[in-house]
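> My structure is below; once you've seen it, I'll send some questions.
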Amino acid sequence: MTESNDPDRKAPLKLSPGKLELKKTVETGQVRQSFSHGRSKVVTVEVRKKRTFTTGAGGVLQEVKDGPRPPEFEPVVPPPVAPGIEVAPAAPVPHPVHDLTSGEKANRVRVLQDALKADEEARRRAAEEELRRKLEEEAARIAAEEAAKNAPPPVVQPEPEQAPKPAAEPVADGKPATAPSAEAKKAEVAHAAAPATAADGKAAPAPAAPGTTKPVAAPTVAPAKAAAEEEEEEERGKRPGRPAPHKPVPVVKRNEPRRREGKLTITAALDDDDRGQRGRSLAAVKRARERERLKQLQKATEKVIREVVIPETISVQELANRMAERGADVIKCLMRNGIMATINQVIDADTAELVVTEFGHTAKRVADSDVEIGLSGELDSDDNLASRPPVVTVMGHVDHGKTSLLDALRSTDVVSGEAGGITQHIGAYQVGLHTGERITFIDTPGHEAFTAMRARGANMTDIVVLVVAADDGIMPQTVEAIRHAKAAKVPIIVAINKIDKPDANVARVRQELLQHELVTEDLGGDVLAVEVSAKKRINLDKLEEAILLQAEILDLKANPNRAAQGVVIEAKIERGRGSVATVLVQKGTLHVGDVFVAGAEWGRVRALADDRGNKVDEAGPSVPVEVLGLAGTPSAGDDFVAVDTEVRAREVAGYRQRKEREAKAAAGARGTLEEMFSKIAAGEAKELPVVVKGDVQGSVEAIVATLEKMGTDEVKVRVLHSAVGGINESDVTLAKASNALVIGFNVRANPQARDMARRDTVDIRYYSIIYDVADDLRQALTGMLAPTLKERFLGNAEIREVFSISKVGKVAGCLITEGMVKRGAKVRLLRDNVVIHEGALGQLKRFKDDVREVREGYECGMSFENYNDIQVGDVIECYEVEEVAGIL
């Protein structure tokens, strides 16, 4: 058999003249894909066509279109062999080059696909391991950051750099190499499927088909390599001589994951699965993990029990906010308890406490006065106390030389350069002595400031110097000053002035002091008495020594290292300076810039000035200063306290302003004696305070003695002050402070006192007969006694018949046997002389008419309130209850 006569042999593969190229096997296009909410995306569509080539006439490759395959691509089936016939093996014949059969191609494609799947699975597992490692590293980093808040940051060792991937090296024939794993797979497949080509470029003989000696056609190498190279160039957009076509960039939404860009080839898939695709960032992973943690915490969170602060009144919205509950739930809770309230309605503390308890929280009741808790600070220990100068108040009659004595004491101030006189714009000042000691003097003319301070509970005076003229002796205002000093419970030093006058009688003054329980030392008492002359400046040093001795006995100390506390001596408004208050510091040290509360006003210290008008930066204990920076004008005698913040100052000032408004509203309804009697009758007072002023001392003593004898163990009259003379402002101030009644016997009030009494609603009663005074006060004391109840019998009625009337009940037909019966009176039902019911009479009728009373001998119909157990023969007893006032 020759080569030309063998029909199965193939002609050798020859290249035809001209350019060898492959047609484009991929048809691409773009399609816009629409989604919901107006979103769209451009998608690249590829259509691949499988091309099959065969050798035609003259050895030229021809593409096989869709249809039946040529016989050379079909597998060769060996002819059947009869049993018992042995076929001798054919001699080895060199095989010509021919194409692969379809079975071999399918086998190679299957092996290659299996290799690609295995490689893809390995890459997927590697990506999962990498993601897991990154999550673990992120969790470790977060834990390290939390631990580093309370500990020094650990030294982080640099991680070793990963070796870069080896770049793909081109092979000798110019075909770019793929990844090593893919190259190894392809090499194994090629080695298992067919023998390698010879080094000289000639094709190696193809192996024979199983069971036959006919060789199988092998594919040509050069055209396939050229087609693969051209296809590779086409996929990378590097086709020579033609620019790369422009493709629109698809729009990616913010929340939409990025898709793979470009064409997906075997080389790109094997090289890097994540090329052109945006991966999940570590921040996104951290946020997802935080959301998951919060969900778990929210599921496991239990109800928080809070301590809810409940004031005296609170709105529903504020209560809901303090409980961290919904306002609608609070309103529902109130409706369940029978309270219809809106979100802005104010409820009382008891209702709010009930709501808080139902929601499971803890209620804490507070009052408006709690803002003053802790305002005065803690008590000072003995280690922090230091000596302070004494505070001295000079009191006495106007014409007894008090002003002259103050001038003389002022001129003894060796530190001051002034010749004498008192600084008029301030009511307190300090005097420096030769020994270095200092004394603080307070000027209280007319005693208004002193009385107001005592009325407000402010006791700021350590020692009282009582000035008595040697020629006049004890005067009414002197007695008043003695009463004020005793009420304040402060020691008294008597300064007997004007001893230089010829008619001075010191012994008479000492004897008159005994009448007011002031016993001087020379008479065996404990009251210091100094004979001085302000005009001649006699014994002023002895007076100062007596003051220092009394201060040493009192052992006056204060803590300078704390917040300032003191008393307002006086306050006024000045043009260009605003509200100015004269303050005496009692504890601590007041600095410029401190926030303070003075009575019902608050402010910040803008400037401090001493008694000479010089600016100072601070003021210690027992130092009087002028304070600028008040928001309003306080009253004399108000307490002065430095606080930490403006918020606290506003709260305290607001509370005190509300209390003052309530007190004024209550005082407006108090003013008259009749209203006072009604309050006494209601049991609001068991003691009647009075201030008595008369024309002569005998009348005053008689009135006081009469009033003191009226008292009993239950009620009594308390005489606050009794003196001779007209009613002045001091009497009205004292009566207002003690809520007392002012009695004027043959005297009248001056215009200033009348205006003050009208403004302060103080009742002043004028009398000219002492018996009228006694009768009015006896009635007032009688009204203070509890009244007694007395029963008065009216009459009896006998029940003759009982009628049952619908919607009314039982009605008794009665005959009045004794006295009379009144409608609305109290009744008792007697059965066999035993009281079985006691109540009120409901109806009283004669015939069909309602009557007010029925007398003896007449018949009537009666019914009881809420009682129907009546029988024929019962007796009805009618009576009244009267209140009889108590008798002294």
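Chain lettering (A, B, ...) mirrors the order of the structure tokens, residue numbering begins at 1 for each chain separately, and ligand numbering begins at 1 in order of display.
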Find the residues around Glu517 in chain A up to 12 Å (only C-alpha atoms counted), leave out those fewer than 3 positions away in its own chain, and share them as a CSV table (one decimal) with N, CA, C and O atoms, in the first residue's frame.


```
chain,number,residue,atom,x,y,z
A,479,VAL,N,-34.5,102.8,127.8
A,479,VAL,CA,-35.2,101.6,128.2
A,479,VAL,C,-35.5,100.7,127.0
A,479,VAL,O,-35.3,99.4,127.1
A,482,ILE,N,-32.4,98.9,126.1
A,482,ILE,CA,-32.1,97.8,127.0
A,482,ILE,C,-32.9,96.6,126.6
A,482,ILE,O,-32.4,95.5,126.6
A,483,ARG,N,-34.1,96.8,126.3
A,483,ARG,CA,-35.0,95.7,125.9
A,483,ARG,C,-34.5,95.0,124.7
A,483,ARG,O,-34.5,93.8,124.6
A,486,LYS,N,-31.4,93.0,125.5
A,486,LYS,CA,-31.7,91.7,126.2
A,486,LYS,C,-32.4,90.7,125.3
A,486,LYS,O,-32.1,89.5,125.4
A,492,ILE,N,-23.9,94.0,127.7
A,492,ILE,CA,-24.1,95.4,127.6
A,492,ILE,C,-22.9,96.1,128.4
A,492,ILE,O,-22.6,95.7,129.5
A,510,ARG,N,-26.6,105.0,138.1
A,510,ARG,CA,-26.4,103.6,138.5
A,510,ARG,C,-27.6,103.1,139.2
A,510,ARG,O,-28.0,101.9,139.1
A,511,GLN,N,-28.3,103.9,140.0
A,511,GLN,CA,-29.4,103.4,140.7
A,511,GLN,C,-30.6,103.2,139.8
A,511,GLN,O,-31.4,102.2,139.9
A,512,GLU,N,-30.8,104.0,138.7
A,512,GLU,CA,-31.8,103.8,137.8
A,512,GLU,C,-31.6,102.5,136.9
A,512,GLU,O,-32.6,101.9,136.5
A,513,LEU,N,-30.3,102.2,136.7
A,513,LEU,CA,-30.1,101.0,136.0
A,513,LEU,C,-30.5,99.7,136.7
A,513,LEU,O,-30.8,98.7,136.1
A,514,LEU,N,-30.5,99.8,138.1
A,514,LEU,CA,-31.0,98.7,138.8
A,514,LEU,C,-32.4,98.4,138.6
A,514,LEU,O,-32.8,97.2,138.7
A,520,THR,N,-24.2,97.2,138.0
A,520,THR,CA,-22.8,97.5,137.6
A,520,THR,C,-21.8,96.8,138.6
A,520,THR,O,-22.2,96.3,139.6
A,523,LEU,N,-21.5,97.9,142.2
A,523,LEU,CA,-22.6,97.5,143.1
A,523,LEU,C,-22.7,96.0,143.2
A,523,LEU,O,-23.7,95.5,143.7
A,525,GLY,N,-22.4,93.7,140.6
A,525,GLY,CA,-22.9,93.0,139.4
A,525,GLY,C,-21.8,92.7,138.4
A,525,GLY,O,-20.6,92.7,138.7
A,526,ASP,N,-22.3,92.3,137.2
A,526,ASP,CA,-21.3,92.0,136.2
A,526,ASP,C,-21.4,92.9,135.0
A,526,ASP,O,-20.8,92.6,133.9
A,527,VAL,N,-22.1,94.0,135.1
A,527,VAL,CA,-22.2,95.0,134.0
A,527,VAL,C,-21.1,96.0,134.1
A,527,VAL,O,-20.9,96.6,135.2
```
